[in-house]
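One file, run_23.cif, is given below (mmCIF, C-alpha atoms and all ligand atoms).
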data_start
loop_
_atom_site.group_PDB
_atom_site.id
_atom_site.type_symbol
_atom_site.label_atom_id
_atom_site.label_comp_id
_atom_site.auth_asym_id
_atom_site.auth_seq_id
_atom_site.Cartn_x
_atom_site.Cartn_y
_atom_site.Cartn_z
ATOM 1 C CA MET A 1 83.375 -41.219 55.461
ATOM 2 C CA SER A 2 80.261 -40.503 57.500
ATOM 3 C CA THR A 3 76.883 -40.650 55.791
ATOM 4 C CA ALA A 4 76.307 -37.055 56.906
ATOM 5 C CA ASP A 5 79.249 -35.905 54.802
ATOM 6 C CA PRO A 6 77.728 -33.277 52.472
ATOM 7 C CA THR A 7 80.187 -33.990 49.655
ATOM 8 C CA PRO A 8 80.784 -37.720 49.643
ATOM 9 C CA SER A 9 83.958 -38.603 47.841
ATOM 10 C CA ALA A 10 83.796 -39.990 44.360
ATOM 11 C CA GLY A 11 85.568 -41.968 41.702
ATOM 12 C CA ARG A 12 84.928 -41.585 38.013
ATOM 13 C CA PHE A 13 85.232 -42.790 34.465
ATOM 14 C CA ALA A 14 85.975 -40.029 31.973
ATOM 15 C CA PRO A 15 85.752 -41.258 28.392
ATOM 16 C CA SER A 16 86.291 -39.142 25.299
ATOM 17 C CA PRO A 17 83.133 -39.569 23.203
ATOM 18 C CA SER A 18 84.991 -39.913 19.916
ATOM 19 C CA GLY A 19 83.576 -43.329 19.058
ATOM 20 C CA GLU A 20 82.666 -46.631 20.641
ATOM 21 C CA LEU A 21 84.414 -47.880 23.762
ATOM 22 C CA HIS A 22 86.660 -50.871 23.149
ATOM 23 C CA VAL A 23 87.448 -53.725 25.472
ATOM 24 C CA GLY A 24 90.386 -51.815 26.959
ATOM 25 C CA ASN A 25 88.188 -48.823 27.810
ATOM 26 C CA LEU A 26 85.505 -51.133 29.208
ATOM 27 C CA ARG A 27 88.023 -52.894 31.421
ATOM 28 C CA THR A 28 89.213 -49.538 32.772
ATOM 29 C CA ALA A 29 85.576 -48.536 33.375
ATOM 30 C CA LEU A 30 84.962 -51.784 35.277
ATOM 31 C CA LEU A 31 88.052 -51.145 37.401
ATOM 32 C CA ALA A 32 87.039 -47.538 38.085
ATOM 33 C CA TRP A 33 83.599 -48.767 39.165
ATOM 34 C CA LEU A 34 85.109 -51.509 41.365
ATOM 35 C CA PHE A 35 87.530 -49.135 43.066
ATOM 36 C CA ALA A 36 84.820 -46.509 43.674
ATOM 37 C CA ARG A 37 82.089 -48.842 44.866
ATOM 38 C CA SER A 38 84.379 -51.001 47.015
ATOM 39 C CA THR A 39 85.450 -47.862 48.906
ATOM 40 C CA GLY A 40 81.936 -46.440 49.355
ATOM 41 C CA ARG A 41 82.469 -43.706 46.823
ATOM 42 C CA ARG A 42 80.035 -42.273 44.325
ATOM 43 C CA PHE A 43 80.826 -43.274 40.746
ATOM 44 C CA LEU A 44 80.561 -40.443 38.245
ATOM 45 C CA ILE A 45 80.776 -40.302 34.468
ATOM 46 C CA ARG A 46 82.293 -37.318 32.745
ATOM 47 C CA MET A 47 82.277 -36.936 28.975
ATOM 48 C CA GLU A 48 85.560 -35.361 27.912
ATOM 49 C CA ASP A 49 84.211 -33.776 24.765
ATOM 50 C CA LEU A 50 86.504 -30.770 24.304
ATOM 51 C CA ASP A 51 88.242 -32.559 21.427
ATOM 52 C CA ARG A 52 86.957 -34.458 18.445
ATOM 53 C CA THR A 53 83.600 -36.084 19.157
ATOM 54 C CA ALA A 54 81.330 -38.370 17.151
ATOM 55 C CA VAL A 55 77.604 -37.716 17.106
ATOM 56 C CA GLY A 56 75.825 -40.128 19.433
ATOM 57 C CA ALA A 57 79.057 -41.656 20.764
ATOM 58 C CA ASP A 58 78.246 -40.505 24.314
ATOM 59 C CA GLN A 59 74.916 -42.318 24.323
ATOM 60 C CA GLY A 60 76.502 -45.438 22.826
ATOM 61 C CA GLN A 61 79.180 -45.418 25.519
ATOM 62 C CA LEU A 62 76.597 -45.058 28.297
ATOM 63 C CA ALA A 63 74.566 -47.894 26.778
ATOM 64 C CA ASP A 64 77.675 -50.107 26.778
ATOM 65 C CA LEU A 65 78.369 -49.377 30.443
ATOM 66 C CA THR A 66 74.748 -50.215 31.227
ATOM 67 C CA ALA A 67 74.982 -53.440 29.225
ATOM 68 C CA LEU A 68 77.851 -54.530 31.475
ATOM 69 C CA GLY A 69 75.809 -53.617 34.564
ATOM 70 C CA LEU A 70 77.923 -50.608 35.561
ATOM 71 C CA GLU A 71 75.691 -48.016 37.208
ATOM 72 C CA TRP A 72 76.770 -44.457 37.837
ATOM 73 C CA ASP A 73 75.498 -41.565 39.905
ATOM 74 C CA PRO A 74 73.827 -38.944 37.727
ATOM 75 C CA PRO A 75 74.173 -36.477 36.190
ATOM 76 C CA VAL A 76 76.647 -37.247 33.428
ATOM 77 C CA VAL A 77 78.819 -34.141 33.143
ATOM 78 C CA TYR A 78 79.888 -32.823 29.723
ATOM 79 C CA GLN A 79 83.027 -30.726 29.573
ATOM 80 C CA SER A 80 81.588 -28.728 26.673
ATOM 81 C CA ASP A 81 78.999 -27.352 29.140
ATOM 82 C CA ARG A 82 81.746 -26.043 31.404
ATOM 83 C CA LEU A 83 83.742 -23.767 29.122
ATOM 84 C CA ASP A 84 82.895 -20.641 31.136
ATOM 85 C CA THR A 85 84.206 -22.261 34.304
ATOM 86 C CA TYR A 86 87.502 -23.254 32.672
ATOM 87 C CA ARG A 87 87.882 -19.787 31.144
ATOM 88 C CA SER A 88 87.347 -18.010 34.434
ATOM 89 C CA ILE A 89 89.964 -20.201 36.111
ATOM 90 C CA ILE A 90 92.418 -19.615 33.266
ATOM 91 C CA ASP A 91 91.745 -15.876 33.560
ATOM 92 C CA ALA A 92 92.349 -15.983 37.308
ATOM 93 C CA LEU A 93 95.685 -17.773 36.815
ATOM 94 C CA ARG A 94 96.584 -15.218 34.161
ATOM 95 C CA GLY A 95 95.632 -12.374 36.501
ATOM 96 C CA ASP A 96 97.885 -13.853 39.172
ATOM 97 C CA GLY A 97 100.859 -13.883 36.780
ATOM 98 C CA ARG A 98 100.894 -17.691 36.778
ATOM 99 C CA THR A 99 100.839 -18.044 32.997
ATOM 100 C CA PHE A 100 102.583 -16.866 29.860
ATOM 101 C CA GLU A 101 101.733 -16.762 26.200
ATOM 102 C CA CYS A 102 103.483 -19.313 24.016
ATOM 103 C CA PHE A 103 103.753 -18.863 20.272
ATOM 104 C CA CYS A 104 105.813 -21.985 19.583
ATOM 105 C CA THR A 105 104.737 -24.575 17.068
ATOM 106 C CA ARG A 106 105.096 -28.239 17.980
ATOM 107 C CA ARG A 107 108.026 -28.463 15.637
ATOM 108 C CA GLU A 108 109.824 -25.489 17.150
ATOM 109 C CA ILE A 109 109.486 -27.080 20.562
ATOM 110 C CA LEU A 110 110.910 -30.378 19.323
ATOM 111 C CA GLU A 111 113.792 -28.648 17.586
ATOM 112 C CA ALA A 112 114.633 -26.170 20.349
ATOM 113 C CA PRO A 113 117.742 -26.862 22.366
ATOM 114 C CA SER A 114 116.563 -27.824 25.820
ATOM 115 C CA ALA A 115 117.096 -25.334 28.590
ATOM 116 C CA PRO A 116 120.072 -26.017 30.866
ATOM 117 C CA HIS A 117 119.150 -28.613 33.492
ATOM 118 C CA ALA A 118 115.708 -29.086 31.923
ATOM 119 C CA PRO A 119 114.624 -32.706 31.954
ATOM 120 C CA GLN A 120 114.056 -34.571 28.699
ATOM 121 C CA GLY A 121 110.663 -33.796 27.199
ATOM 122 C CA ALA A 122 110.186 -30.571 29.127
ATOM 123 C CA TYR A 123 109.006 -27.403 27.399
ATOM 124 C CA PRO A 124 112.290 -25.608 26.548
ATOM 125 C CA GLY A 125 111.164 -22.252 27.925
ATOM 126 C CA THR A 126 111.321 -20.427 24.586
ATOM 127 C CA CYS A 127 108.438 -18.009 25.288
ATOM 128 C CA ARG A 128 108.669 -17.853 29.081
ATOM 129 C CA ASP A 129 110.401 -14.482 29.222
ATOM 130 C CA LEU A 130 109.401 -12.766 26.001
ATOM 131 C CA THR A 131 109.204 -8.987 26.144
ATOM 132 C CA ASP A 132 106.016 -7.147 25.222
ATOM 133 C CA ALA A 133 107.693 -6.153 21.950
ATOM 134 C CA GLN A 134 108.596 -9.762 21.114
ATOM 135 C CA ARG A 135 105.035 -10.878 21.799
ATOM 136 C CA ALA A 136 103.649 -8.085 19.637
ATOM 137 C CA GLU A 137 106.006 -9.101 16.839
ATOM 138 C CA ARG A 138 104.770 -12.690 16.946
ATOM 139 C CA ARG A 139 101.151 -11.589 16.971
ATOM 140 C CA ALA A 140 101.814 -9.283 14.036
ATOM 141 C CA ALA A 141 103.212 -12.291 12.183
ATOM 142 C CA GLY A 142 99.774 -13.877 12.541
ATOM 143 C CA ARG A 143 100.551 -16.287 15.344
ATOM 144 C CA SER A 144 97.997 -16.813 18.070
ATOM 145 C CA PRO A 145 99.354 -17.912 21.420
ATOM 146 C CA ALA A 146 98.611 -20.863 23.607
ATOM 147 C CA THR A 147 98.666 -20.209 27.356
ATOM 148 C CA ARG A 148 101.152 -22.117 29.491
ATOM 149 C CA ILE A 149 101.354 -22.371 33.237
ATOM 150 C CA ARG A 150 104.483 -20.801 34.721
ATOM 151 C CA ALA A 151 105.542 -23.811 36.767
ATOM 152 C CA ASP A 152 107.715 -23.164 39.800
ATOM 153 C CA VAL A 153 108.695 -26.805 40.228
ATOM 154 C CA THR A 154 110.268 -29.279 37.816
ATOM 155 C CA ASP A 155 108.729 -32.394 39.267
ATOM 156 C CA PHE A 156 105.956 -33.424 41.598
ATOM 157 C CA THR A 157 105.100 -36.590 43.497
ATOM 158 C CA VAL A 158 101.731 -38.307 43.419
ATOM 159 C CA VAL A 159 100.447 -41.304 45.318
ATOM 160 C CA ASP A 160 99.241 -44.185 43.185
ATOM 161 C CA GLU A 161 97.678 -47.304 44.662
ATOM 162 C CA LEU A 162 99.408 -49.579 42.176
ATOM 163 C CA HIS A 163 102.606 -47.629 41.451
ATOM 164 C CA GLY A 164 103.282 -46.286 44.936
ATOM 165 C CA SER A 165 104.845 -42.869 45.248
ATOM 166 C CA TYR A 166 105.497 -41.652 41.707
ATOM 167 C CA THR A 167 107.585 -38.595 40.901
ATOM 168 C CA GLY A 168 107.403 -37.180 37.400
ATOM 169 C CA LEU A 169 108.045 -34.170 35.245
ATOM 170 C CA VAL A 170 106.219 -30.887 35.655
ATOM 171 C CA ASP A 171 107.045 -28.290 33.025
ATOM 172 C CA ASP A 172 105.332 -25.149 31.756
ATOM 173 C CA PHE A 173 102.459 -27.117 30.252
ATOM 174 C CA VAL A 174 99.633 -25.755 28.116
ATOM 175 C CA ILE A 175 96.401 -24.877 29.913
ATOM 176 C CA GLU A 176 94.694 -23.178 26.963
ATOM 177 C CA ARG A 177 95.375 -24.146 23.378
ATOM 178 C CA ASN A 178 96.041 -21.561 20.717
ATOM 179 C CA ASP A 179 92.512 -21.995 19.341
ATOM 180 C CA GLY A 180 91.159 -20.921 22.751
ATOM 181 C CA THR A 181 90.112 -24.420 23.849
ATOM 182 C CA PRO A 182 90.929 -25.222 27.478
ATOM 183 C CA ALA A 183 93.540 -27.976 27.556
ATOM 184 C CA TYR A 184 92.781 -31.447 28.886
ATOM 185 C CA ASN A 185 95.326 -31.019 31.718
ATOM 186 C CA LEU A 186 93.394 -27.988 32.982
ATOM 187 C CA ALA A 187 89.860 -29.283 32.486
ATOM 188 C CA VAL A 188 90.542 -32.624 34.164
ATOM 189 C CA VAL A 189 91.883 -30.939 37.290
ATOM 190 C CA VAL A 190 89.099 -28.360 37.486
ATOM 191 C CA ASP A 191 86.422 -31.015 37.025
ATOM 192 C CA ASP A 192 87.834 -33.604 39.395
ATOM 193 C CA ALA A 193 87.909 -30.942 42.111
ATOM 194 C CA ALA A 194 84.451 -29.553 41.293
ATOM 195 C CA GLN A 195 82.911 -33.029 41.344
ATOM 196 C CA GLY A 196 84.480 -34.073 44.639
ATOM 197 C CA ILE A 197 86.560 -36.739 42.879
ATOM 198 C CA ASP A 198 89.318 -37.920 45.181
ATOM 199 C CA GLN A 199 90.089 -41.203 43.420
ATOM 200 C CA VAL A 200 91.205 -41.241 39.782
ATOM 201 C CA VAL A 201 91.292 -44.676 38.154
ATOM 202 C CA ARG A 202 92.453 -44.657 34.526
ATOM 203 C CA GLY A 203 94.845 -46.296 32.084
ATOM 204 C CA ASP A 204 98.522 -46.232 32.986
ATOM 205 C CA ASP A 205 99.319 -44.350 29.775
ATOM 206 C CA LEU A 206 98.285 -41.288 31.809
ATOM 207 C CA LEU A 207 100.569 -41.950 34.784
ATOM 208 C CA SER A 208 103.180 -39.508 33.485
ATOM 209 C CA SER A 209 100.523 -36.731 33.222
ATOM 210 C CA SER A 210 99.509 -37.090 36.833
ATOM 211 C CA PRO A 211 102.350 -35.012 38.391
ATOM 212 C CA ARG A 212 101.402 -32.041 36.185
ATOM 213 C CA GLN A 213 97.745 -32.425 37.096
ATOM 214 C CA ALA A 214 98.384 -32.882 40.808
ATOM 215 C CA TYR A 215 100.671 -29.835 40.804
ATOM 216 C CA LEU A 216 97.981 -27.747 39.106
ATOM 217 C CA ALA A 217 95.420 -29.009 41.633
ATOM 218 C CA THR A 218 97.575 -27.700 44.478
ATOM 219 C CA LEU A 219 98.072 -24.364 42.680
ATOM 220 C CA LEU A 220 94.282 -24.077 42.501
ATOM 221 C CA GLY A 221 93.979 -24.862 46.194
ATOM 222 C CA HIS A 222 92.772 -28.459 45.873
ATOM 223 C CA ARG A 223 94.078 -31.620 47.406
ATOM 224 C CA PRO A 224 95.235 -33.931 44.584
ATOM 225 C CA PRO A 225 93.264 -37.173 44.269
ATOM 226 C CA THR A 226 94.619 -40.626 44.945
ATOM 227 C CA TYR A 227 95.519 -42.207 41.634
ATOM 228 C CA VAL A 228 95.141 -45.772 40.420
ATOM 229 C CA HIS A 229 96.778 -46.143 37.016
ATOM 230 C CA VAL A 230 95.711 -49.538 35.771
ATOM 231 C CA PRO A 231 97.438 -51.725 33.184
ATOM 232 C CA MET A 232 96.300 -51.326 29.603
ATOM 233 C CA VAL A 233 94.932 -53.880 27.188
ATOM 234 C CA LEU A 234 97.363 -54.588 24.336
ATOM 235 C CA ASN A 235 96.993 -56.296 20.984
ATOM 236 C CA PRO A 236 99.028 -59.404 20.068
ATOM 237 C CA GLU A 237 101.879 -57.125 18.894
ATOM 238 C CA HIS A 238 101.880 -55.619 22.382
ATOM 239 C CA ILE A 239 100.608 -52.296 21.079
ATOM 240 C CA ARG A 240 97.845 -50.477 22.885
ATOM 241 C CA LEU A 241 94.506 -51.882 21.751
ATOM 242 C CA SER A 242 92.609 -49.766 19.247
ATOM 243 C CA LYS A 243 89.582 -50.164 17.060
ATOM 244 C CA ARG A 244 91.864 -51.052 14.161
ATOM 245 C CA ASP A 245 92.437 -54.344 15.943
ATOM 246 C CA GLY A 246 88.866 -55.347 15.004
ATOM 247 C CA ALA A 247 86.202 -57.076 17.080
ATOM 248 C CA VAL A 248 86.962 -55.012 20.150
ATOM 249 C CA THR A 249 83.690 -53.205 20.839
ATOM 250 C CA LEU A 250 80.534 -54.650 22.366
ATOM 251 C CA ALA A 251 78.787 -54.141 19.014
ATOM 252 C CA ASP A 252 81.543 -55.983 17.068
ATOM 253 C CA LEU A 253 81.493 -58.808 19.566
ATOM 254 C CA ALA A 254 77.690 -59.036 19.624
ATOM 255 C CA ALA A 255 77.802 -59.415 15.838
ATOM 256 C CA ARG A 256 79.952 -62.504 16.439
ATOM 257 C CA GLY A 257 77.556 -63.868 19.014
ATOM 258 C CA VAL A 258 79.559 -62.750 22.058
ATOM 259 C CA THR A 259 77.074 -61.271 24.549
ATOM 260 C CA PRO A 260 77.894 -58.454 26.999
ATOM 261 C CA GLU A 261 77.628 -61.056 29.805
ATOM 262 C CA ARG A 262 80.410 -63.080 28.208
ATOM 263 C CA VAL A 263 82.515 -59.979 27.667
ATOM 264 C CA LEU A 264 82.078 -59.160 31.355
ATOM 265 C CA ALA A 265 83.118 -62.688 32.352
ATOM 266 C CA HIS A 266 86.267 -62.379 30.220
ATOM 267 C CA LEU A 267 87.071 -58.973 31.693
ATOM 268 C CA ALA A 268 86.654 -60.423 35.180
ATOM 269 C CA ALA A 269 88.876 -63.382 34.285
ATOM 270 C CA SER A 270 91.535 -61.012 32.942
ATOM 271 C CA LEU A 271 91.521 -59.343 36.369
ATOM 272 C CA HIS A 272 91.733 -62.722 38.143
ATOM 273 C CA LEU A 273 88.209 -62.198 39.469
ATOM 274 C CA GLY A 274 86.477 -65.052 37.705
ATOM 275 C CA GLU A 275 86.546 -67.650 34.956
ATOM 276 C CA PRO A 276 85.965 -66.777 31.296
ATOM 277 C CA GLU A 277 83.069 -69.213 30.892
ATOM 278 C CA GLU A 278 81.402 -68.346 34.150
ATOM 279 C CA SER A 279 78.075 -66.526 34.404
ATOM 280 C CA VAL A 280 78.878 -63.555 36.566
ATOM 281 C CA ASP A 281 77.525 -60.080 37.301
ATOM 282 C CA VAL A 282 79.236 -56.950 38.557
ATOM 283 C CA SER A 283 78.111 -57.360 42.157
ATOM 284 C CA THR A 284 79.662 -60.850 42.295
ATOM 285 C CA ILE A 285 82.857 -59.446 40.805
ATOM 286 C CA ALA A 286 82.765 -56.611 43.375
ATOM 287 C CA ALA A 287 82.458 -59.113 46.228
ATOM 288 C CA ARG A 288 85.678 -60.798 45.030
ATOM 289 C CA PHE A 289 87.565 -57.589 44.377
ATOM 290 C CA ASP A 290 90.872 -57.171 46.189
ATOM 291 C CA PRO A 291 93.080 -54.404 44.761
ATOM 292 C CA SER A 292 96.234 -56.035 46.129
ATOM 293 C CA GLU A 293 95.592 -59.104 43.965
ATOM 294 C CA LEU A 294 95.156 -57.248 40.688
ATOM 295 C CA PRO A 295 97.474 -58.238 37.834
ATOM 296 C CA ARG A 296 100.134 -55.578 37.316
ATOM 297 C CA ASP A 297 100.914 -56.449 33.704
ATOM 298 C CA PRO A 298 98.988 -55.463 30.587
ATOM 299 C CA TRP A 299 96.342 -57.853 29.307
ATOM 300 C CA ILE A 300 97.291 -59.129 25.850
ATOM 301 C CA LEU A 301 94.071 -59.634 23.942
ATOM 302 C CA THR A 302 94.199 -62.158 21.115
ATOM 303 C CA ALA A 303 91.490 -63.119 18.632
ATOM 304 C CA THR A 304 91.168 -66.543 20.283
ATOM 305 C CA GLU A 305 89.932 -64.874 23.479
ATOM 306 C CA TRP A 306 86.319 -65.135 22.290
ATOM 307 C CA THR A 307 86.402 -68.496 20.512
HETATM 308 N N1 LIG A 401 89.416 -38.757 28.547
HETATM 309 C C1 LIG A 401 90.620 -39.512 28.743
HETATM 310 C C2 LIG A 401 90.617 -40.725 27.854
HETATM 311 O O1 LIG A 401 89.554 -41.136 27.391
HETATM 312 C C3 LIG A 401 90.767 -39.986 30.167
HETATM 313 C C4 LIG A 401 91.209 -38.912 31.040
HETATM 314 C C5 LIG A 401 91.287 -39.264 32.517
HETATM 315 O O2 LIG A 401 90.759 -40.314 32.936
HETATM 316 O O3 LIG A 401 91.838 -38.451 33.251
HETATM 317 O O4 LIG A 401 91.674 -41.261 27.609
#
Whole structure given in structure tokens:
Amino acid sequence: MSTADPTPSAGRFAPSPSGELHVGNLRTALLAWLFARSTGRRFLIRMEDLDRTAVGADQGQLADLTALGLEWDPPVVYQSDRLDTYRSIIDALRGDGRTFECFCTRREILEAPSAPHAPQGAYPGTCRDLTDAQRAERRAAGRSPATRIRADVTDFTVVDELHGSYTGLVDDFVIERNDGTPAYNLAVVVDDAAQGIDQVVRGDDLLSSSPRQAYLATLLGHRPPTYVHVPMVLNPEHIRLSKRDGAVTLADLAARGVTPERVLAHLAASLHLGEPEESVDVSTIAARFDPSELPRDPWILTATEWT
């Protein structure tokens, strides 16, 4: 990338401000920062606040990133400020006949027989070809529709730096929920494109969403980003770490005398970029960073990690 490039490419960390970040989120943030900075990209933060949020959680999350030494390029973008943009894109897709109204409940979808040849887990197509009269009937019964994309593929291939070429399901997924909120799968694609994000580093629980998102990006005329789906942090039962596991946020750990510097050293060690007892900062970790050497397995976090 030349320095004269008017829209330098970017990576990002996109937390949901529903509470404090835990060690798993912080490790993903560190990786997103390392991948962006080591490739000369801007590093952006986007608050994905279309769902449940907790007052002040955004500021707490930013403070935690700062405490680890992770700097981002301002401004922090809030999805709740971008509702008009999402709506106009949804309207444009609707105007192009690329969507349909779906009145199904979650349960109806689970219980519906799957369409012939439809892959497991795909939307069964129940509302795809409803007549005007059938739609009116459902509305009259008090149901409000979600909006689904009318997909013209059943799978799509993305490129992932850790997983290689990954092909996964694309079905008629929801782009606007039945309460009128733009769906995550729509907002993430619109924002990544608008912010010049061409590298998406996030937890590998989202790998299976990436074909849908990349497909939507191409429908909207954007080049899909390169993905890096990184291994998750798991608890001793090998279940995805959550706050219920206790002592997993910077605040919890500080209360036990574990400083952010020590947390950073442990995160680096878990990525084979340092020793747990070492004094290390993010620029030292960045100098050692080699994506090809990253561990490919989840990090199992046990209570003895900090003792
Ligand atoms: N907001 C999502 C989360 O916190 C991440 C979405 C993404 O990185 O695309 O899990």
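Remark: for Pro119 in chain A, the closest of the candidate residues A:Asp297, A:Asp191, A:Glu278, A:Asp172 is A:Asp172 (distances computed over only C-alpha atoms).
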Can you give me, as a compact mmCIF listing (two decimals) with C-alpha atoms, in the coordinates of the input, the residues this file yields under the PyMOL selection byres (((chain A and resi 22-31) around 7) and not hetatm)?
# COMPACT_ATOMS: atom_id res chain seq x y z
CA PHE A 13 85.23 -42.79 34.47
CA GLU A 20 82.67 -46.63 20.64
CA LEU A 21 84.41 -47.88 23.76
CA ALA A 32 87.04 -47.54 38.08
CA TRP A 33 83.60 -48.77 39.16
CA LEU A 34 85.11 -51.51 41.36
CA PHE A 35 87.53 -49.14 43.07
CA ARG A 202 92.45 -44.66 34.53
CA GLY A 203 94.84 -46.30 32.08
CA MET A 232 96.30 -51.33 29.60
CA VAL A 233 94.93 -53.88 27.19
CA LEU A 241 94.51 -51.88 21.75
CA LYS A 243 89.58 -50.16 17.06
CA VAL A 248 86.96 -55.01 20.15
CA THR A 249 83.69 -53.20 20.84
CA LEU A 267 87.07 -58.97 31.69
Neighbourhood of ligand LIG 401 (chain A) at 8 Å, counting all atoms listed in the file, reported as a count of residues only: 16
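Considering the residues A:Ile175, A:Leu219, A:Cys102, A:Leu273 and counting only C-alpha atoms, Asp129 in chain A has its shortest atom-to-atom contact with A:Cys102.
What separates CA of Gly246 in chain A from CA of Asp204 in chain A is a distance of 22.4 Å.
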Nearest candidate to Val282 in chain A (options A:Pro236, A:Pro295, A:Pro260, A:Pro224; using all atoms listed in the file): A:Pro260
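Residues lying within 9 Å of Ala112 in chain A, counting all atoms listed in the file and ignoring same-chain neighbours fewer than 5 positions away, are Arg107, Pro124 and Thr126 of chain A.
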Residue with smallest distance to Pro113 in chain A - pool A:Phe156, A:Ala136, A:Gly125, A:Thr302, counting only C-alpha atoms: A:Gly125
